[in-house]
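Note: the block below is start-v4.csv and it holds CSV, C-alpha atoms.
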```csv
chain,number,residue,atom,x,y,z
A,16,MET,CA,5.6,-8.5,-32.9
A,17,SER,CA,4.5,-11.6,-31.1
A,18,PHE,CA,1.3,-11.3,-29.0
A,19,SER,CA,-0.2,-13.8,-26.6
A,20,TYR,CA,-3.7,-14.7,-27.7
A,21,LEU,CA,-6.4,-16.2,-25.6
A,22,VAL,CA,-8.9,-18.3,-27.4
A,23,THR,CA,-12.0,-19.6,-25.7
A,24,GLY,CA,-13.7,-22.7,-27.1
A,25,SER,CA,-10.2,-23.9,-28.3
A,26,ALA,CA,-11.4,-27.5,-28.4
A,27,GLY,CA,-14.5,-26.6,-30.4
A,28,PHE,CA,-15.0,-26.6,-34.2
A,29,ILE,CA,-14.1,-23.0,-35.0
A,30,GLY,CA,-11.9,-22.5,-32.0
A,31,SER,CA,-9.6,-25.4,-32.7
A,32,ALA,CA,-9.2,-24.3,-36.4
A,33,LEU,CA,-8.3,-20.7,-35.3
A,34,THR,CA,-5.8,-22.0,-32.7
A,35,LEU,CA,-4.0,-24.1,-35.3
A,36,ARG,CA,-3.7,-21.1,-37.6
A,37,LEU,CA,-2.3,-18.9,-34.8
A,38,LEU,CA,0.2,-21.5,-33.8
A,39,GLU,CA,1.2,-22.1,-37.4
A,40,ARG,CA,2.1,-18.4,-37.8
A,41,GLY,CA,4.2,-18.5,-34.6
A,42,ASP,CA,1.9,-16.9,-32.0
A,43,ASN,CA,1.6,-18.0,-28.4
A,44,VAL,CA,-1.9,-19.2,-27.5
A,45,ILE,CA,-3.7,-19.8,-24.3
A,46,GLY,CA,-6.8,-22.0,-24.9
A,47,ILE,CA,-9.8,-22.3,-22.7
A,48,ASP,CA,-12.5,-25.0,-23.0
A,49,ASN,CA,-14.8,-26.7,-20.6
A,50,HIS,CA,-15.1,-29.9,-22.6
A,51,ASN,CA,-18.9,-30.2,-21.9
A,52,ALA,CA,-21.0,-33.1,-23.2
A,53,TYR,CA,-23.3,-31.1,-25.5
A,54,TYR,CA,-21.9,-33.4,-28.2
A,55,ASP,CA,-19.3,-36.2,-28.1
A,56,PRO,CA,-16.4,-35.0,-25.9
A,57,ALA,CA,-14.1,-37.5,-27.7
A,58,LEU,CA,-14.3,-35.3,-30.8
A,59,LYS,CA,-13.2,-32.3,-28.8
A,60,GLU,CA,-10.2,-34.3,-27.4
A,61,ALA,CA,-9.3,-35.3,-30.9
A,62,ARG,CA,-9.3,-31.7,-32.1
A,63,LEU,CA,-7.2,-30.7,-29.2
A,64,ALA,CA,-4.7,-33.5,-29.8
A,65,ARG,CA,-3.7,-31.8,-33.0
A,66,PHE,CA,-1.9,-29.1,-31.1
A,67,ALA,CA,-2.0,-29.8,-27.4
A,68,ASN,CA,1.7,-30.5,-27.2
A,69,HIS,CA,2.8,-27.5,-29.2
A,70,THR,CA,5.4,-25.5,-27.4
A,71,ASN,CA,3.5,-22.3,-27.9
A,72,TYR,CA,0.2,-23.6,-26.6
A,73,THR,CA,-1.3,-23.8,-23.0
A,74,HIS,CA,-4.6,-25.4,-22.4
A,75,LEU,CA,-7.0,-24.6,-19.5
A,76,ARG,CA,-10.0,-26.8,-18.8
A,77,ILE,CA,-12.3,-24.2,-17.2
A,78,ASP,CA,-15.8,-22.9,-17.7
A,79,LEU,CA,-16.5,-19.3,-18.6
A,80,THR,CA,-19.0,-19.1,-15.8
A,81,ASP,CA,-16.2,-19.6,-13.3
A,82,SER,CA,-15.2,-15.9,-12.9
A,83,ASN,CA,-12.3,-16.6,-10.5
A,84,ALA,CA,-10.8,-19.1,-12.9
A,85,ILE,CA,-11.2,-16.7,-15.8
A,86,GLU,CA,-9.6,-13.9,-13.9
A,87,SER,CA,-6.7,-16.1,-12.8
A,88,ALA,CA,-6.1,-17.1,-16.5
A,89,PHE,CA,-5.8,-13.4,-17.5
A,90,ALA,CA,-3.6,-12.6,-14.5
A,91,ASN,CA,-1.3,-15.5,-15.0
A,92,TYR,CA,-0.9,-15.4,-18.8
A,93,GLU,CA,-1.6,-11.7,-19.6
A,94,PRO,CA,-3.1,-12.1,-23.1
A,95,ARG,CA,-3.0,-9.1,-25.3
A,96,ARG,CA,-5.8,-10.2,-27.7
A,97,VAL,CA,-8.8,-12.4,-26.9
A,98,VAL,CA,-11.1,-14.3,-29.2
A,99,ASN,CA,-14.3,-15.5,-27.5
A,100,LEU,CA,-15.7,-18.5,-29.4
A,101,ALA,CA,-16.9,-20.6,-26.5
A,102,ALA,CA,-20.7,-20.6,-26.3
A,103,GLN,CA,-23.7,-22.9,-25.9
A,104,ALA,CA,-24.6,-23.4,-29.5
A,105,GLY,CA,-27.7,-24.6,-31.3
A,106,VAL,CA,-31.0,-22.9,-32.0
A,107,ARG,CA,-33.3,-25.9,-31.3
A,108,TYR,CA,-31.5,-26.9,-28.1
A,109,SER,CA,-32.1,-23.4,-26.7
A,110,ILE,CA,-35.9,-23.9,-26.9
A,111,ASP,CA,-35.8,-26.7,-24.2
A,112,ASN,CA,-32.6,-25.6,-22.3
A,113,PRO,CA,-32.7,-21.8,-22.1
A,114,MET,CA,-30.6,-21.5,-18.9
A,115,ALA,CA,-27.6,-23.1,-20.6
A,116,TYR,CA,-27.6,-20.1,-22.9
A,117,ILE,CA,-28.0,-17.5,-20.1
A,118,ASP,CA,-25.1,-19.1,-18.2
A,119,SER,CA,-22.6,-19.7,-21.0
A,120,ASN,CA,-23.4,-17.0,-23.6
A,121,ILE,CA,-24.3,-14.1,-21.3
A,122,VAL,CA,-22.8,-14.7,-17.8
A,123,GLY,CA,-19.7,-16.3,-19.3
A,124,PHE,CA,-19.2,-13.6,-21.9
A,125,ALA,CA,-19.6,-10.9,-19.1
A,126,ASN,CA,-16.7,-12.6,-17.2
A,127,ILE,CA,-14.5,-12.4,-20.3
A,128,LEU,CA,-15.4,-8.7,-20.8
A,129,GLU,CA,-14.6,-8.0,-17.1
A,130,SER,CA,-11.2,-9.6,-17.4
A,131,CYS,CA,-10.4,-7.9,-20.7
A,132,ARG,CA,-11.2,-4.6,-19.0
A,133,ARG,CA,-9.2,-5.2,-15.9
A,134,HIS,CA,-6.1,-6.3,-17.8
A,135,GLY,CA,-6.2,-3.7,-20.6
A,136,VAL,CA,-6.6,-6.2,-23.5
A,137,ASP,CA,-5.8,-4.6,-26.8
A,138,HIS,CA,-8.7,-6.2,-28.7
A,139,LEU,CA,-11.6,-8.5,-28.1
A,140,VAL,CA,-13.1,-10.4,-31.0
A,141,TYR,CA,-16.2,-12.5,-30.3
A,142,ALA,CA,-18.5,-14.8,-32.2
A,143,SER,CA,-22.0,-13.5,-32.9
A,144,SER,CA,-24.3,-15.2,-35.3
A,145,SER,CA,-26.5,-14.7,-38.4
A,146,SER,CA,-29.4,-15.8,-36.2
A,147,VAL,CA,-29.5,-12.3,-34.7
A,148,TYR,CA,-31.3,-11.2,-37.8
A,149,GLY,CA,-34.3,-13.1,-36.5
A,150,ALA,CA,-37.6,-11.9,-38.0
A,151,ASN,CA,-35.9,-9.6,-40.5
A,152,THR,CA,-36.8,-10.5,-44.1
A,153,ALA,CA,-34.8,-8.0,-46.2
A,154,THR,CA,-31.9,-9.8,-47.6
A,155,PRO,CA,-28.9,-9.9,-48.0
A,156,TYR,CA,-28.6,-9.2,-44.3
A,157,SER,CA,-26.5,-6.2,-43.5
A,158,ILE,CA,-24.8,-5.1,-40.2
A,159,HIS,CA,-26.4,-1.7,-40.8
A,160,GLN,CA,-29.9,-3.2,-40.4
A,161,ASN,CA,-31.6,-3.1,-37.0
A,162,VAL,CA,-31.8,-6.5,-35.4
A,163,ASP,CA,-34.3,-6.2,-32.5
A,164,HIS,CA,-36.5,-9.2,-33.2
A,165,PRO,CA,-34.7,-12.4,-32.4
A,166,ILE,CA,-36.8,-15.6,-32.7
A,167,SER,CA,-34.7,-17.9,-30.5
A,168,LEU,CA,-33.0,-17.6,-27.2
A,169,TYR,CA,-29.7,-18.5,-28.9
A,170,ALA,CA,-30.1,-15.5,-31.2
A,171,ALA,CA,-31.1,-13.3,-28.2
A,172,SER,CA,-28.0,-14.3,-26.3
A,173,LYS,CA,-25.8,-13.4,-29.3
A,174,LYS,CA,-27.5,-10.0,-29.7
A,175,THR,CA,-27.0,-9.5,-25.9
A,176,ASN,CA,-23.2,-10.1,-26.4
A,177,GLU,CA,-23.1,-7.3,-29.0
A,178,LEU,CA,-24.9,-4.9,-26.7
A,179,ILE,CA,-22.8,-5.6,-23.6
A,180,ALA,CA,-19.6,-5.4,-25.7
A,181,HIS,CA,-20.7,-2.0,-26.9
A,182,ALA,CA,-21.2,-0.8,-23.3
A,183,TYR,CA,-17.7,-1.9,-22.4
A,184,SER,CA,-16.3,-0.4,-25.5
A,185,HIS,CA,-18.0,2.9,-24.7
A,186,LEU,CA,-17.3,3.0,-21.0
A,187,TYR,CA,-13.8,1.5,-20.9
A,188,ARG,CA,-12.6,2.1,-24.5
A,189,LEU,CA,-12.1,-1.6,-24.9
A,190,PRO,CA,-11.8,-2.3,-28.7
A,191,SER,CA,-14.3,-5.1,-29.5
A,192,THR,CA,-15.3,-6.7,-32.8
A,193,GLY,CA,-18.4,-8.9,-33.2
A,194,LEU,CA,-18.4,-11.4,-36.0
A,195,ARG,CA,-21.8,-12.7,-37.3
A,196,PHE,CA,-21.0,-16.2,-38.6
A,197,PHE,CA,-23.2,-17.7,-41.3
A,198,THR,CA,-23.7,-21.5,-41.1
A,199,VAL,CA,-20.1,-22.7,-40.7
A,200,TYR,CA,-19.2,-26.1,-42.0
A,201,GLY,CA,-16.2,-28.2,-42.8
A,202,PRO,CA,-13.8,-30.9,-41.4
A,203,TRP,CA,-13.9,-31.4,-37.6
A,204,GLY,CA,-17.3,-29.9,-37.5
A,205,ARG,CA,-20.1,-30.2,-35.0
A,206,PRO,CA,-22.2,-33.5,-34.9
A,207,ASP,CA,-25.4,-31.5,-34.2
A,208,MET,CA,-25.2,-29.7,-37.6
A,209,ALA,CA,-26.8,-30.7,-40.8
A,210,LEU,CA,-23.8,-31.7,-42.8
A,211,PHE,CA,-22.5,-34.0,-40.1
A,212,LYS,CA,-26.0,-35.6,-39.4
A,213,PHE,CA,-26.8,-36.0,-43.1
A,214,THR,CA,-23.5,-37.6,-43.9
A,215,LYS,CA,-23.8,-40.1,-41.0
A,216,ALA,CA,-27.4,-41.0,-41.9
A,217,ILE,CA,-26.8,-41.4,-45.6
A,218,LEU,CA,-23.8,-43.6,-45.1
A,219,ALA,CA,-25.8,-45.8,-42.7
A,220,GLY,CA,-28.8,-46.0,-45.0
A,221,ASP,CA,-31.0,-44.1,-42.5
A,222,THR,CA,-33.5,-41.4,-43.4
A,223,ILE,CA,-32.7,-37.7,-43.0
A,224,GLU,CA,-35.2,-35.1,-41.8
A,225,VAL,CA,-35.3,-32.1,-44.1
A,226,PHE,CA,-37.2,-29.3,-42.5
A,227,ASN,CA,-39.2,-26.6,-44.3
A,228,ASN,CA,-39.5,-29.2,-47.1
A,229,GLY,CA,-36.0,-28.4,-48.1
A,230,LYS,CA,-36.8,-24.9,-49.1
A,231,HIS,CA,-34.5,-23.3,-46.5
A,232,ARG,CA,-31.7,-21.2,-48.1
A,233,ARG,CA,-28.5,-21.0,-46.0
A,234,ASP,CA,-25.4,-19.0,-46.6
A,235,PHE,CA,-23.1,-22.0,-45.9
A,236,THR,CA,-19.5,-20.8,-45.1
A,237,TYR,CA,-16.5,-23.0,-45.1
A,238,VAL,CA,-14.5,-23.0,-41.9
A,239,ASP,CA,-11.2,-21.9,-43.5
A,240,ASP,CA,-12.9,-18.9,-44.9
A,241,ILE,CA,-14.3,-18.1,-41.5
A,242,ILE,CA,-10.9,-18.3,-39.9
A,243,GLU,CA,-9.3,-16.0,-42.5
A,244,GLY,CA,-12.0,-13.4,-41.7
A,245,VAL,CA,-11.3,-13.8,-37.9
A,246,LEU,CA,-7.6,-13.3,-38.4
A,247,ARG,CA,-7.9,-10.2,-40.5
A,248,THR,CA,-10.3,-8.5,-38.1
A,249,LEU,CA,-8.3,-9.7,-35.0
A,250,ASP,CA,-5.1,-8.1,-36.4
A,251,ASP,CA,-6.8,-4.8,-36.9
A,252,PRO,CA,-8.4,-3.6,-33.6
A,253,ALA,CA,-11.8,-1.9,-33.8
A,254,SER,CA,-11.7,1.8,-34.0
A,255,GLU,CA,-14.3,4.6,-33.6
A,256,ASN,CA,-16.5,5.7,-36.5
A,257,THR,CA,-15.9,9.5,-36.3
A,258,LYS,CA,-18.8,10.1,-38.6
A,259,TRP,CA,-21.3,8.2,-36.5
A,260,ASP,CA,-24.5,10.3,-35.9
A,261,GLY,CA,-26.8,9.8,-33.0
A,262,ASN,CA,-29.7,11.3,-34.9
A,263,PHE,CA,-29.3,8.6,-37.5
A,264,PRO,CA,-27.6,5.8,-35.6
A,265,ASP,CA,-25.8,3.1,-37.6
A,266,PRO,CA,-26.3,-0.3,-35.9
A,267,GLY,CA,-23.0,-1.7,-37.2
A,268,THR,CA,-20.6,1.0,-36.0
A,269,SER,CA,-20.2,3.4,-33.2
A,270,LEU,CA,-18.3,6.4,-31.7
A,271,ALA,CA,-16.9,3.7,-29.4
A,272,PRO,CA,-14.2,1.4,-30.7
A,273,TRP,CA,-16.8,-1.3,-31.5
A,274,ARG,CA,-17.5,-2.9,-34.8
A,275,LEU,CA,-19.7,-5.7,-36.3
A,276,TYR,CA,-19.0,-7.7,-39.5
A,277,ASN,CA,-20.9,-10.5,-41.3
A,278,ILE,CA,-18.7,-13.4,-42.4
A,279,GLY,CA,-20.7,-15.5,-44.9
A,280,ASN,CA,-20.1,-16.9,-48.4
A,281,SER,CA,-22.8,-14.5,-49.8
A,282,GLN,CA,-24.1,-17.3,-52.0
A,283,PRO,CA,-27.1,-18.9,-50.4
A,284,VAL,CA,-27.9,-22.5,-51.2
A,285,GLU,CA,-31.2,-24.2,-50.9
A,286,LEU,CA,-31.2,-27.1,-48.5
A,287,LEU,CA,-32.2,-29.7,-51.1
A,288,ASP,CA,-29.3,-28.6,-53.3
A,289,TYR,CA,-27.0,-28.9,-50.3
A,290,VAL,CA,-28.2,-32.5,-49.7
A,291,GLU,CA,-27.6,-33.2,-53.4
A,292,ALA,CA,-24.0,-32.0,-53.1
A,293,ILE,CA,-23.6,-34.3,-50.1
A,294,GLU,CA,-25.0,-37.2,-52.1
A,295,GLU,CA,-22.5,-36.5,-54.9
A,296,ALA,CA,-19.6,-36.4,-52.6
A,297,LEU,CA,-20.7,-39.7,-50.9
A,298,GLY,CA,-21.7,-41.4,-54.1
A,299,LYS,CA,-24.9,-42.4,-52.4
A,300,LYS,CA,-28.5,-41.2,-52.5
A,301,ALA,CA,-30.3,-39.9,-49.4
A,302,VAL,CA,-33.7,-41.2,-48.1
A,303,LYS,CA,-35.4,-37.9,-47.3
A,304,VAL,CA,-38.4,-37.2,-45.0
A,305,LEU,CA,-39.7,-33.7,-45.8
A,306,LEU,CA,-41.0,-31.9,-42.7
A,307,PRO,CA,-42.4,-28.4,-41.9
A,308,MET,CA,-40.3,-25.6,-40.5
A,309,GLN,CA,-39.2,-25.9,-36.9
A,310,PRO,CA,-39.7,-23.2,-34.2
A,311,GLY,CA,-36.8,-20.7,-34.0
A,312,ASP,CA,-35.6,-21.4,-37.6
A,313,ILE,CA,-35.1,-18.6,-40.1
A,314,PRO,CA,-36.2,-19.5,-43.6
A,315,ASP,CA,-33.3,-17.8,-45.4
A,316,THR,CA,-29.9,-16.4,-44.6
A,317,HIS,CA,-27.8,-14.3,-47.0
A,318,ALA,CA,-24.8,-12.2,-45.8
A,319,ASN,CA,-23.9,-8.8,-47.1
A,320,VAL,CA,-20.1,-8.8,-46.6
A,321,ASP,CA,-19.4,-5.4,-48.2
A,322,ASP,CA,-17.8,-4.0,-45.1
A,323,LEU,CA,-15.5,-7.0,-44.8
A,324,VAL,CA,-14.5,-6.6,-48.5
A,325,GLU,CA,-14.0,-2.9,-48.3
A,326,GLN,CA,-12.0,-2.7,-45.1
A,327,PHE,CA,-10.0,-6.0,-45.3
A,328,ASN,CA,-10.0,-6.8,-49.0
A,329,TYR,CA,-11.5,-10.2,-48.1
A,330,LYS,CA,-14.4,-12.3,-49.1
A,331,PRO,CA,-15.1,-16.0,-48.5
A,332,SER,CA,-14.7,-18.0,-51.7
A,333,THR,CA,-14.8,-21.8,-51.1
A,334,THR,CA,-17.6,-23.4,-53.1
A,335,ILE,CA,-20.1,-25.7,-51.5
A,336,GLN,CA,-18.9,-28.6,-53.7
A,337,ASP,CA,-15.3,-28.2,-52.6
A,338,GLY,CA,-16.1,-27.7,-49.0
A,339,ILE,CA,-18.4,-30.7,-48.7
A,340,GLN,CA,-15.9,-32.9,-50.5
A,341,ARG,CA,-13.2,-31.9,-48.0
A,342,PHE,CA,-15.6,-32.7,-45.1
A,343,VAL,CA,-16.6,-36.1,-46.5
A,344,GLU,CA,-12.9,-37.0,-47.0
A,345,TRP,CA,-12.2,-36.0,-43.4
A,346,TYR,CA,-15.4,-37.9,-42.1
A,347,ARG,CA,-14.5,-41.1,-43.9
A,348,ASP,CA,-10.9,-41.0,-42.5
A,349,TYR,CA,-11.8,-40.0,-39.0
A,350,TYR,CA,-14.6,-42.6,-38.6
A,351,GLU,CA,-13.0,-45.1,-40.9
A,352,VAL,CA,-16.1,-45.6,-43.1
```

Rewrite the coordinates I just gave you, this time as structure tokens.
Amino acid sequence: MSFSYLVTGSAGFIGSALTLRLLERGDNVIGIDNHNAYYDPALKEARLARFANHTNYTHLRIDLTDSNAIESAFANYEPRRVVNLAAQAGVRYSIDNPMAYIDSNIVGFANILESCRRHGVDHLVYASSSSVYGANTATPYSIHQNVDHPISLYAASKKTNELIAHAYSHLYRLPSTGLRFFTVYGPWGRPDMALFKFTKAILAGDTIEVFNNGKHRRDFTYVDDIIEGVLRTLDDPASENTKWDGNFPDPGTSLAPWRLYNIGNSQPVELLDYVEAIEEALGKKAVKVLLPMQPGDIPDTHANVDDLVEQFNYKPSTTIQDGIQRFVEWYRDYYEV
């Protein structure tokens, strides 16, 4: 059966990759993106150009904070399943620009939830983040851990998404699934992320800033693995956990049709080893400046993906070496370097 899917952030890194996959399998997709200037809008236009003229695709240049425009999109196109990937991203940017996160990640998300409720959407899937684990130190991070101590406004906004979604799932029986992404990378990625910045600097012979003296460990996850996880959860709407017990509440499930999942590679890599893999792919050494940890950063991330494996028979598998090589090949081709 063919559904109409609405994807927000469809000109973004993950959103454009998901949209392509949906179109490739024959689905009808309505894409929403505001094309803001947080990073080079030309990259967003280039991502969009890969499918903008597809017969099954409709693109809307609107902002999530425009409640009337969002409501009109739902009324006009009647999507049955919605994937909310649009957000103001970046931990460090949130320190100096907090209202951008309140507007996009909280007000905008509430507008999506309201339209999903009004139009009886079958399933809402939305991007959360590994950053919600905040001050937690027990790894690997599990969705069954409590996450009440975010250390950046970005993390707090994503935790807020999970909480508001739960209220809607409980009150209106709206099936919703939150996906905690772990450091996504790959071709067509974001210029503000480490892989993009390091590759650009190394090729130019510039220094790279390596925070926490390179001792960070990150659960880097290749974008295609992320998309596969999104699709598998999207095609299986969230359901109630009938064994949920209010005396011993499980933070990752509910009596409401609401679920959370980690999507990570589950193989953390130290930042200095990550840089080494980039050097190998580029055939060029980096000039590194080692710096202390920045405010809002988490020292280590490591995803427990047991629920994803058990319920969907799925686990990300792309190695860092393969993923970085694919990115470098794309980068050289796209920027002609």

| task | Find the residues around Ala171 (chain A) up to 8 Å (all atoms listed in the file counted), leave out those fewer than 5 positions away in its own chain, and share them as a PyMOL selection string. | result | chain A and resi 147+165-166

| message | as a list in words, please: the residues near Asp42 (chain A) (cut-off 7 Å, only C-alpha atoms, same-chain neighbours under 5 positions excluded). | response |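 What passes the distance filter is Ser17, Phe18, Ser19, Leu37 and Asn71 of chain A.
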
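Here CA of Gly229 (chain A) is placed at a distance of 10.5 Å from CA of Val284 (chain A).
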
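Of the listed residues A:Leu79, A:Ala88, A:Ala153, A:Ile293, the one whose atoms come nearest to Glu344 (chain A) is A:Ile293, with distances taken using all atoms listed in the file.
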
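Here the question is which of A:Asp81, A:Asp251, A:Asp234, A:Asp337 gets nearest to Ser146 (chain A) using all atoms listed in the file, and that residue is A:Asp234.
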
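CA of Ser332 (chain A) sits 6.4 Å away from CA of Asn280 (chain A).
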
| query | Using only C-alpha atoms, which residues sit within 12 Å of Phe342 (chain A) once same-chain residues fewer than 4 positions away are excluded, as an NGL selection string? | reply | :A and (199-205 or 210-211 or 213-215 or 237-239 or 292-293 or 296-297 or 335-338 or 346-350)

| request: Write out as a count of residues only which residues come within 9 Å of region 260-266 of chain A when counting only C-alpha atoms, dropping same-chain ones fewer than 4 positions away. | output: 7

| request: Give the answer as one residue: which of A:Ser143, A:Asn43, A:Thr248, A:Ser167 has the shortest atom-to-atom distance to Arg107 (chain A), using all atoms listed in the file? | output: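 Closest candidate: A:Ser167.
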
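Of the residues under consideration (A:Tyr108, A:Ala180, A:Gly193, A:Pro206), A:Pro206 shows the shortest atom-to-atom contact distance to Leu58 (chain A) when counting only C-alpha atoms.
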
| Exercise: region 312-315 of chain A partners within 7 Å, all atoms listed in the file, chain neighbours under 5 positions left out, as a ChimeraX atom specification | /A:149,231-233

| From the list A:Trp259, A:Tyr148, A:Tyr289, A:Tyr169, which residue is nearest Ile339 (chain A) when using only C-alpha atoms? |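 Going through A:Trp259, A:Tyr148, A:Tyr289, A:Tyr169 one by one, the smallest distance to Ile339 (chain A) is for A:Tyr289.
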
| At what distance in Å, to one decimal, does CA of Ser119 (chain A) lie from CA of Leu186 (chain A)? | 23.3 Å

Output region 22-45 of chain A with N, CA and C atoms present, as a PDB file, keeping the file's coordinate frame.
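Printed below is result_24.pdb as written:
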```
ATOM      1  N   VAL A  22      -7.829 -17.861 -26.629  1.00  0.00           N
ATOM      2  CA  VAL A  22      -8.900 -18.300 -27.400  1.00  0.00           C
ATOM      3  C   VAL A  22      -9.848 -19.188 -26.576  1.00  0.00           C
ATOM      4  N   THR A  23     -11.094 -18.765 -26.391  1.00  0.00           N
ATOM      5  CA  THR A  23     -12.000 -19.600 -25.700  1.00  0.00           C
ATOM      6  C   THR A  23     -12.737 -20.529 -26.653  1.00  0.00           C
ATOM      7  N   GLY A  24     -13.099 -21.726 -26.175  1.00  0.00           N
ATOM      8  CA  GLY A  24     -13.700 -22.700 -27.100  1.00  0.00           C
ATOM      9  C   GLY A  24     -12.604 -23.339 -27.964  1.00  0.00           C
ATOM     10  N   SER A  25     -11.376 -23.464 -27.454  1.00  0.00           N
ATOM     11  CA  SER A  25     -10.200 -23.900 -28.300  1.00  0.00           C
ATOM     12  C   SER A  25     -10.297 -25.378 -28.647  1.00  0.00           C
ATOM     13  N   ALA A  26     -11.182 -26.150 -28.014  1.00  0.00           N
ATOM     14  CA  ALA A  26     -11.400 -27.500 -28.400  1.00  0.00           C
ATOM     15  C   ALA A  26     -12.637 -27.682 -29.276  1.00  0.00           C
ATOM     16  N   GLY A  27     -13.259 -26.557 -29.592  1.00  0.00           N
ATOM     17  CA  GLY A  27     -14.500 -26.600 -30.400  1.00  0.00           C
ATOM     18  C   GLY A  27     -14.118 -26.554 -31.898  1.00  0.00           C
ATOM     19  N   PHE A  28     -15.136 -26.531 -32.714  1.00  0.00           N
ATOM     20  CA  PHE A  28     -15.000 -26.600 -34.200  1.00  0.00           C
ATOM     21  C   PHE A  28     -14.181 -25.399 -34.689  1.00  0.00           C
ATOM     22  N   ILE A  29     -14.713 -24.190 -34.501  1.00  0.00           N
ATOM     23  CA  ILE A  29     -14.100 -23.000 -35.000  1.00  0.00           C
ATOM     24  C   ILE A  29     -12.834 -22.640 -34.169  1.00  0.00           C
ATOM     25  N   GLY A  30     -12.963 -22.807 -32.848  1.00  0.00           N
ATOM     26  CA  GLY A  30     -11.900 -22.500 -32.000  1.00  0.00           C
ATOM     27  C   GLY A  30     -10.599 -23.255 -32.205  1.00  0.00           C
ATOM     28  N   SER A  31     -10.742 -24.550 -32.471  1.00  0.00           N
ATOM     29  CA  SER A  31      -9.600 -25.400 -32.700  1.00  0.00           C
ATOM     30  C   SER A  31      -8.911 -25.009 -34.050  1.00  0.00           C
ATOM     31  N   ALA A  32      -9.736 -24.689 -35.052  1.00  0.00           N
ATOM     32  CA  ALA A  32      -9.200 -24.300 -36.400  1.00  0.00           C
ATOM     33  C   ALA A  32      -8.435 -22.976 -36.246  1.00  0.00           C
ATOM     34  N   LEU A  33      -8.978 -22.027 -35.468  1.00  0.00           N
ATOM     35  CA  LEU A  33      -8.300 -20.700 -35.300  1.00  0.00           C
ATOM     36  C   LEU A  33      -6.989 -20.940 -34.505  1.00  0.00           C
ATOM     37  N   THR A  34      -7.033 -21.758 -33.461  1.00  0.00           N
ATOM     38  CA  THR A  34      -5.800 -22.000 -32.700  1.00  0.00           C
ATOM     39  C   THR A  34      -4.710 -22.564 -33.515  1.00  0.00           C
ATOM     40  N   LEU A  35      -5.048 -23.522 -34.358  1.00  0.00           N
ATOM     41  CA  LEU A  35      -4.000 -24.100 -35.300  1.00  0.00           C
ATOM     42  C   LEU A  35      -3.412 -23.032 -36.142  1.00  0.00           C
ATOM     43  N   ARG A  36      -4.220 -22.146 -36.705  1.00  0.00           N
ATOM     44  CA  ARG A  36      -3.700 -21.100 -37.600  1.00  0.00           C
ATOM     45  C   ARG A  36      -2.777 -20.145 -36.831  1.00  0.00           C
ATOM     46  N   LEU A  37      -3.175 -19.779 -35.619  1.00  0.00           N
ATOM     47  CA  LEU A  37      -2.300 -18.900 -34.800  1.00  0.00           C
ATOM     48  C   LEU A  37      -0.990 -19.516 -34.499  1.00  0.00           C
ATOM     49  N   LEU A  38      -1.025 -20.793 -34.133  1.00  0.00           N
ATOM     50  CA  LEU A  38       0.200 -21.500 -33.800  1.00  0.00           C
ATOM     51  C   LEU A  38       1.092 -21.645 -35.051  1.00  0.00           C
ATOM     52  N   GLU A  39       0.480 -21.899 -36.193  1.00  0.00           N
ATOM     53  CA  GLU A  39       1.200 -22.100 -37.400  1.00  0.00           C
ATOM     54  C   GLU A  39       1.974 -20.795 -37.824  1.00  0.00           C
ATOM     55  N   ARG A  40       1.429 -19.641 -37.460  1.00  0.00           N
ATOM     56  CA  ARG A  40       2.100 -18.400 -37.800  1.00  0.00           C
ATOM     57  C   ARG A  40       3.038 -17.906 -36.680  1.00  0.00           C
ATOM     58  N   GLY A  41       3.187 -18.730 -35.629  1.00  0.00           N
ATOM     59  CA  GLY A  41       4.200 -18.500 -34.600  1.00  0.00           C
ATOM     60  C   GLY A  41       3.717 -17.740 -33.368  1.00  0.00           C
ATOM     61  N   ASP A  42       2.397 -17.630 -33.186  1.00  0.00           N
ATOM     62  CA  ASP A  42       1.900 -16.900 -32.000  1.00  0.00           C
ATOM     63  C   ASP A  42       1.805 -17.847 -30.791  1.00  0.00           C
ATOM     64  N   ASN A  43       1.815 -17.232 -29.619  1.00  0.00           N
ATOM     65  CA  ASN A  43       1.600 -18.000 -28.400  1.00  0.00           C
ATOM     66  C   ASN A  43       0.100 -17.921 -28.061  1.00  0.00           C
ATOM     67  N   VAL A  44      -0.468 -19.075 -27.722  1.00  0.00           N
ATOM     68  CA  VAL A  44      -1.900 -19.200 -27.500  1.00  0.00           C
ATOM     69  C   VAL A  44      -2.238 -19.834 -26.194  1.00  0.00           C
ATOM     70  N   ILE A  45      -3.141 -19.206 -25.451  1.00  0.00           N
ATOM     71  CA  ILE A  45      -3.700 -19.800 -24.300  1.00  0.00           C
ATOM     72  C   ILE A  45      -5.142 -20.231 -24.668  1.00  0.00           C
TER      73      ILE A  45
END
```
